[in-house]
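As provided, start24.cif (mmCIF, C-alpha atoms) reads as follows.
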```cif
data_work
loop_
_atom_site.label_atom_id
_atom_site.label_comp_id
_atom_site.auth_asym_id
_atom_site.auth_seq_id
_atom_site.Cartn_x
_atom_site.Cartn_y
_atom_site.Cartn_z
CA MET L 217 0.00 0.00 0.00
CA ALA L 218 1.42 3.39 -0.99
CA GLY L 219 1.70 6.28 1.45
CA PRO L 220 -0.70 9.21 1.41
CA VAL L 221 -0.50 11.55 -1.52
CA THR L 222 0.89 14.90 -0.46
CA ARG L 223 -0.13 18.06 -2.21
CA HIS L 224 3.37 18.45 -3.57
CA ALA L 225 3.27 15.03 -5.22
CA PRO L 226 2.85 14.92 -9.01
CA GLY L 227 -0.55 13.20 -8.94
CA TYR L 228 -2.05 15.38 -6.21
CA ARG L 229 -5.77 16.08 -6.34
CA ALA L 230 -7.67 17.71 -3.48
CA THR L 231 -10.54 15.23 -3.78
CA GLU L 232 -8.26 12.35 -2.80
CA GLN L 233 -7.55 13.82 0.63
CA SER L 234 -9.67 13.47 3.72
CA VAL L 235 -10.90 16.47 5.65
CA GLY L 236 -8.41 15.68 8.43
CA ASP L 237 -5.52 15.71 5.94
CA LEU L 238 -6.70 19.04 4.52
CA VAL L 239 -7.01 20.54 8.02
CA SER L 240 -3.53 19.25 8.83
CA LEU L 241 -2.13 20.81 5.67
CA ALA L 242 -3.89 24.10 6.42
CA ALA L 243 -2.50 24.11 9.98
CA THR L 244 1.00 23.44 8.65
CA ASP L 245 0.67 26.26 6.14
CA VAL L 246 -0.61 28.66 8.78
CA SER L 247 2.19 27.79 11.20
CA GLN L 248 4.76 28.23 8.42
CA LEU L 249 3.20 31.58 7.51
CA VAL L 250 3.35 32.70 11.15
CA ARG L 251 7.03 31.65 11.39
CA CYS L 252 7.83 33.60 8.23
CA GLU L 253 5.99 36.67 9.52
CA ILE L 254 7.89 36.48 12.82
CA GLU L 255 11.21 36.26 10.95
CA LEU L 256 10.23 39.25 8.82
CA ALA L 257 9.29 41.21 11.94
CA LYS L 258 12.65 40.34 13.55
CA LEU L 259 14.56 41.53 10.49
CA GLU L 260 12.58 44.76 10.29
CA LEU L 261 13.03 45.38 14.02
CA LYS L 262 16.77 44.77 13.77
CA ASN L 263 17.03 47.28 10.90
CA ASP L 264 14.91 49.83 12.79
CA LEU L 265 17.03 49.44 15.94
CA ARG L 266 20.18 49.93 13.91
CA ARG L 267 18.73 53.14 12.43
CA VAL L 268 17.67 54.36 15.89
CA GLY L 269 21.16 53.65 17.23
CA VAL L 270 22.84 55.57 14.43
CA GLY L 271 20.36 58.43 14.83
CA ALA L 272 20.91 58.61 18.59
CA ALA L 273 24.70 58.59 18.11
CA LEU L 274 24.46 61.43 15.59
CA LEU L 275 22.21 63.42 17.93
CA GLY L 276 24.76 62.90 20.70
CA VAL L 277 27.53 64.20 18.44
CA ALA L 278 25.38 67.20 17.53
CA ALA L 279 24.66 67.96 21.21
CA PHE L 280 28.35 67.72 22.11
CA THR L 281 29.26 69.98 19.20
CA GLY L 282 26.57 72.43 20.32
CA CYS L 283 28.11 72.55 23.80
CA LEU L 284 31.54 73.24 22.30
CA ILE L 285 30.06 76.02 20.17
CA LEU L 286 28.41 77.54 23.24
CA VAL L 287 31.76 77.56 25.07
CA LEU L 288 33.45 79.22 22.09
CA LEU L 289 30.69 81.82 21.87
CA CYS L 290 31.10 82.57 25.57
CA PHE L 291 34.82 83.16 25.05
CA ALA L 292 34.04 85.38 22.06
CA LEU L 293 31.54 87.37 24.13
CA ALA L 294 34.03 87.84 26.95
CA TYR L 295 36.80 88.97 24.60
CA GLY L 296 34.34 91.18 22.75
CA LEU L 297 33.25 92.86 25.98
CA HIS L 298 36.89 93.39 26.90
CA ALA L 299 37.60 94.88 23.44
CA LEU L 300 34.67 97.27 23.88
CA GLY L 301 36.36 98.59 27.00
CA LEU L 302 34.28 97.05 29.79
CA PRO L 303 35.61 98.55 33.02
CA GLY L 304 37.39 96.07 35.28
CA GLY L 305 39.49 94.28 32.73
CA MET L 306 39.33 90.76 31.34
CA TRP L 307 38.02 89.14 34.53
CA ALA L 308 34.99 91.44 34.50
CA ALA L 309 34.20 90.48 30.92
CA PHE L 310 34.31 86.78 31.82
CA LEU L 311 32.21 87.46 34.91
CA VAL L 312 29.54 89.21 32.83
CA THR L 313 29.61 86.29 30.36
CA ALA L 314 29.22 83.76 33.19
CA PHE L 315 26.32 85.80 34.61
CA ALA L 316 24.62 85.79 31.17
CA CYS L 317 25.00 81.99 31.02
CA LEU L 318 23.59 81.73 34.56
CA LEU L 319 20.55 83.81 33.56
CA LEU L 320 20.02 81.63 30.48
CA ALA L 321 20.17 78.46 32.60
CA ALA L 322 17.81 79.92 35.23
CA LEU L 323 15.33 80.88 32.52
CA ALA L 324 15.49 77.36 31.05
CA VAL L 325 14.92 75.82 34.50
CA LEU L 326 11.98 78.14 35.18
CA ILE L 327 10.31 77.35 31.85
CA GLY L 328 10.94 73.61 32.29
CA TRP L 329 9.58 73.66 35.85
CA ARG L 330 6.41 75.44 34.73
CA LYS L 331 5.88 72.89 31.94
CA VAL L 332 6.38 69.93 34.31
CA ARG L 333 4.11 71.48 36.91
CA LYS L 334 1.28 71.62 34.36
CA LEU L 335 1.38 67.85 33.81
CA THR L 336 -1.98 66.38 34.67
CA GLY L 337 -0.95 62.77 35.17
CA LEU L 338 -3.62 61.63 32.70
CA ARG L 339 -6.28 63.11 34.95
CA ARG L 340 -8.87 63.39 32.18
CA THR L 341 -8.17 59.88 30.92
CA ARG L 342 -8.51 58.40 34.40
CA ARG L 343 -11.78 60.29 34.90
CA THR L 344 -13.30 59.15 31.60
CA VAL L 345 -12.19 55.54 32.13
CA SER L 346 -13.76 55.60 35.59
CA GLU L 347 -16.95 57.02 34.12
CA ASP L 348 -16.96 54.34 31.42
CA LEU L 349 -16.46 51.58 33.98
CA THR L 350 -19.25 53.02 36.13
CA LEU L 351 -21.51 53.17 33.08
CA LEU L 352 -20.69 49.56 32.17
CA ARG L 353 -21.41 48.39 35.72
CA ARG L 354 -24.67 50.30 35.72
CA ASP L 355 -25.62 48.80 32.34
CA ASP L 356 -24.81 45.31 33.60
CA GLY L 357 -26.96 45.83 36.68
CA THR L 358 -29.81 47.27 34.62
CA ALA L 359 -29.70 44.36 32.19
CA ASP L 360 -29.74 41.85 35.06
CA ASP L 361 -32.65 43.67 36.72
CA ALA L 362 -34.59 43.77 33.43
CA ALA L 363 -33.99 40.06 32.85
CA ALA L 364 -35.11 39.24 36.40
CA LYS L 365 -38.29 41.29 35.99
CA ALA L 366 -39.08 39.60 32.66
CA ARG L 367 -39.01 36.15 34.32
#
```
Could you express the structure from this file as structure tokens?
Amino acid sequence: MAGPVTRHAPGYRATEQSVGDLVSLAATDVSQLVRCEIELAKLELKNDLRRVGVGAALLGVAAFTGCLILVLLCFALAYGLHALGLPGGMWAAFLVTAFACLLLAALAVLIGWRKVRKLTGLRRTRRTVSEDLTLLRRDDGTADDAAAKAR
């Protein structure tokens, strides 16, 4: 007696297979499809992570370069103030520059603190979810009461 005819065999015809064989073949195909989709997702995720890593590294380089530029601009400001004849000499020019940087940092902290203070902690979302849950509980109770009265 010959073995079962597989669908890849030359004389394959769907009518020769039992329902169980067809279900088995469909399950095999689905599991193979899922495995292929998972592999594709892994490859895409790996590529995306590589791009994110390169992007983060380039942003880090840009931030470091920005800090260096800020330092150079501070030196230029101090020397410029000294060249303009700021009383007190070079140390006063650097002191004024440091004070300007301190004001800039304080302003950034103040603005950041005000933005963080306005965070609501998803207050509206929590409220609407609570209302939805209350409404669902009320609907469940109403449906049970209506069913009990109908009996």
Please evaluate the PyMOL selection byres ((chain L and resi 281-294) around 9) against the structure above and give the resulting residues as a PDB file with C-alpha atoms, in the coordinates of the input.
```
ATOM      1  CA  GLY L 276      24.760  62.900  20.700  1.00  0.00           C
ATOM      2  CA  VAL L 277      27.530  64.200  18.440  1.00  0.00           C
ATOM      3  CA  ALA L 278      25.380  67.200  17.530  1.00  0.00           C
ATOM      4  CA  ALA L 279      24.660  67.960  21.210  1.00  0.00           C
ATOM      5  CA  PHE L 280      28.350  67.720  22.110  1.00  0.00           C
ATOM      6  CA  TYR L 295      36.800  88.970  24.600  1.00  0.00           C
ATOM      7  CA  GLY L 296      34.340  91.180  22.750  1.00  0.00           C
ATOM      8  CA  LEU L 297      33.250  92.860  25.980  1.00  0.00           C
ATOM      9  CA  HIS L 298      36.890  93.390  26.900  1.00  0.00           C
ATOM     10  CA  ALA L 299      37.600  94.880  23.440  1.00  0.00           C
ATOM     11  CA  MET L 306      39.330  90.760  31.340  1.00  0.00           C
ATOM     12  CA  TRP L 307      38.020  89.140  34.530  1.00  0.00           C
ATOM     13  CA  ALA L 308      34.990  91.440  34.500  1.00  0.00           C
ATOM     14  CA  ALA L 309      34.200  90.480  30.920  1.00  0.00           C
ATOM     15  CA  PHE L 310      34.310  86.780  31.820  1.00  0.00           C
ATOM     16  CA  LEU L 311      32.210  87.460  34.910  1.00  0.00           C
ATOM     17  CA  VAL L 312      29.540  89.210  32.830  1.00  0.00           C
ATOM     18  CA  THR L 313      29.610  86.290  30.360  1.00  0.00           C
ATOM     19  CA  ALA L 314      29.220  83.760  33.190  1.00  0.00           C
ATOM     20  CA  CYS L 317      25.000  81.990  31.020  1.00  0.00           C
TER      21      CYS L 317
END
```
Quick one: pull the distance between atom CA of Leu259 of chain L and atom CA of Ala273 of chain L, Å, one decimal. 21.3 Å
Separating atom CA of Pro303 of chain L from atom CA of Ala322 of chain L, to the nearest tenth of an Å, is a gap of 25.9 Å
For the atom pair atom CA of Glu260 of chain L and atom CA of Thr244 of chain L, what is the interatomic distance in Å to one decimal place? 24.3 Å
Around all the atoms of segment 244-256 of chain L listed in the file, draw an axis-aligned box and extend it by 4 Å on each of the six sides; I want its centre and edge lengths in Å to one decimal, as lines of an AutoDock Vina configuration file.
```
center_x = 5.3
center_y = 31.3
center_z = 9.5
size_x = 19.8
size_y = 23.8
size_z = 14.7
```
Could you add whatever atoms are missing so that segment 333-354 of chain L carries N, CA and C atoms, then write the result as a PDB file, keeping the file's coordinate frame?
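To be explicit, this is the file written out as rebuild38.pdb:
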```pdb
ATOM      1  N   ARG L 333       5.152  71.244  35.915  1.00  0.00           N
ATOM      2  CA  ARG L 333       4.110  71.480  36.910  1.00  0.00           C
ATOM      3  C   ARG L 333       2.715  71.384  36.308  1.00  0.00           C
ATOM      4  N   LYS L 334       2.590  71.676  35.024  1.00  0.00           N
ATOM      5  CA  LYS L 334       1.280  71.620  34.360  1.00  0.00           C
ATOM      6  C   LYS L 334       0.878  70.214  33.944  1.00  0.00           C
ATOM      7  N   LEU L 335       1.751  69.224  34.161  1.00  0.00           N
ATOM      8  CA  LEU L 335       1.380  67.850  33.810  1.00  0.00           C
ATOM      9  C   LEU L 335       0.177  67.424  34.639  1.00  0.00           C
ATOM     10  N   THR L 336      -0.746  66.769  33.987  1.00  0.00           N
ATOM     11  CA  THR L 336      -1.980  66.380  34.670  1.00  0.00           C
ATOM     12  C   THR L 336      -1.970  64.942  35.146  1.00  0.00           C
ATOM     13  N   GLY L 337      -0.975  64.174  34.758  1.00  0.00           N
ATOM     14  CA  GLY L 337      -0.950  62.770  35.170  1.00  0.00           C
ATOM     15  C   GLY L 337      -2.113  61.983  34.610  1.00  0.00           C
ATOM     16  N   LEU L 338      -2.501  62.306  33.376  1.00  0.00           N
ATOM     17  CA  LEU L 338      -3.620  61.630  32.700  1.00  0.00           C
ATOM     18  C   LEU L 338      -4.920  61.760  33.500  1.00  0.00           C
ATOM     19  N   ARG L 339      -5.099  62.897  34.105  1.00  0.00           N
ATOM     20  CA  ARG L 339      -6.280  63.110  34.950  1.00  0.00           C
ATOM     21  C   ARG L 339      -7.573  62.922  34.167  1.00  0.00           C
ATOM     22  N   ARG L 340      -7.641  63.516  32.974  1.00  0.00           N
ATOM     23  CA  ARG L 340      -8.870  63.390  32.180  1.00  0.00           C
ATOM     24  C   ARG L 340      -9.104  61.948  31.736  1.00  0.00           C
ATOM     25  N   THR L 341      -8.031  61.269  31.354  1.00  0.00           N
ATOM     26  CA  THR L 341      -8.170  59.880  30.920  1.00  0.00           C
ATOM     27  C   THR L 341      -8.659  59.008  32.068  1.00  0.00           C
ATOM     28  N   ARG L 342      -8.069  59.192  33.245  1.00  0.00           N
ATOM     29  CA  ARG L 342      -8.510  58.400  34.400  1.00  0.00           C
ATOM     30  C   ARG L 342      -9.977  58.677  34.711  1.00  0.00           C
ATOM     31  N   ARG L 343     -10.388  59.942  34.611  1.00  0.00           N
ATOM     32  CA  ARG L 343     -11.780  60.290  34.900  1.00  0.00           C
ATOM     33  C   ARG L 343     -12.719  59.643  33.902  1.00  0.00           C
ATOM     34  N   THR L 344     -12.398  59.722  32.595  1.00  0.00           N
ATOM     35  CA  THR L 344     -13.300  59.150  31.600  1.00  0.00           C
ATOM     36  C   THR L 344     -13.326  57.624  31.675  1.00  0.00           C
ATOM     37  N   VAL L 345     -12.190  57.003  31.982  1.00  0.00           N
ATOM     38  CA  VAL L 345     -12.190  55.540  32.130  1.00  0.00           C
ATOM     39  C   VAL L 345     -13.040  55.150  33.325  1.00  0.00           C
ATOM     40  N   SER L 346     -12.924  55.893  34.423  1.00  0.00           N
ATOM     41  CA  SER L 346     -13.760  55.600  35.590  1.00  0.00           C
ATOM     42  C   SER L 346     -15.240  55.766  35.267  1.00  0.00           C
ATOM     43  N   GLU L 347     -15.558  56.818  34.511  1.00  0.00           N
ATOM     44  CA  GLU L 347     -16.950  57.020  34.120  1.00  0.00           C
ATOM     45  C   GLU L 347     -17.443  55.875  33.230  1.00  0.00           C
ATOM     46  N   ASP L 348     -16.582  55.447  32.298  1.00  0.00           N
ATOM     47  CA  ASP L 348     -16.960  54.340  31.420  1.00  0.00           C
ATOM     48  C   ASP L 348     -17.185  53.059  32.207  1.00  0.00           C
ATOM     49  N   LEU L 349     -16.304  52.785  33.166  1.00  0.00           N
ATOM     50  CA  LEU L 349     -16.460  51.580  33.980  1.00  0.00           C
ATOM     51  C   LEU L 349     -17.735  51.652  34.814  1.00  0.00           C
ATOM     52  N   THR L 350     -18.025  52.848  35.355  1.00  0.00           N
ATOM     53  CA  THR L 350     -19.250  53.020  36.130  1.00  0.00           C
ATOM     54  C   THR L 350     -20.470  52.801  35.229  1.00  0.00           C
ATOM     55  N   LEU L 351     -20.411  53.335  34.018  1.00  0.00           N
ATOM     56  CA  LEU L 351     -21.510  53.170  33.080  1.00  0.00           C
ATOM     57  C   LEU L 351     -21.697  51.692  32.712  1.00  0.00           C
ATOM     58  N   LEU L 352     -20.591  50.986  32.491  1.00  0.00           N
ATOM     59  CA  LEU L 352     -20.690  49.560  32.170  1.00  0.00           C
ATOM     60  C   LEU L 352     -21.280  48.775  33.339  1.00  0.00           C
ATOM     61  N   ARG L 353     -20.862  49.087  34.543  1.00  0.00           N
ATOM     62  CA  ARG L 353     -21.410  48.390  35.720  1.00  0.00           C
ATOM     63  C   ARG L 353     -22.899  48.681  35.857  1.00  0.00           C
ATOM     64  N   ARG L 354     -23.267  49.918  35.621  1.00  0.00           N
ATOM     65  CA  ARG L 354     -24.670  50.300  35.720  1.00  0.00           C
ATOM     66  C   ARG L 354     -25.476  49.578  34.654  1.00  0.00           C
TER      67      ARG L 354
END
```
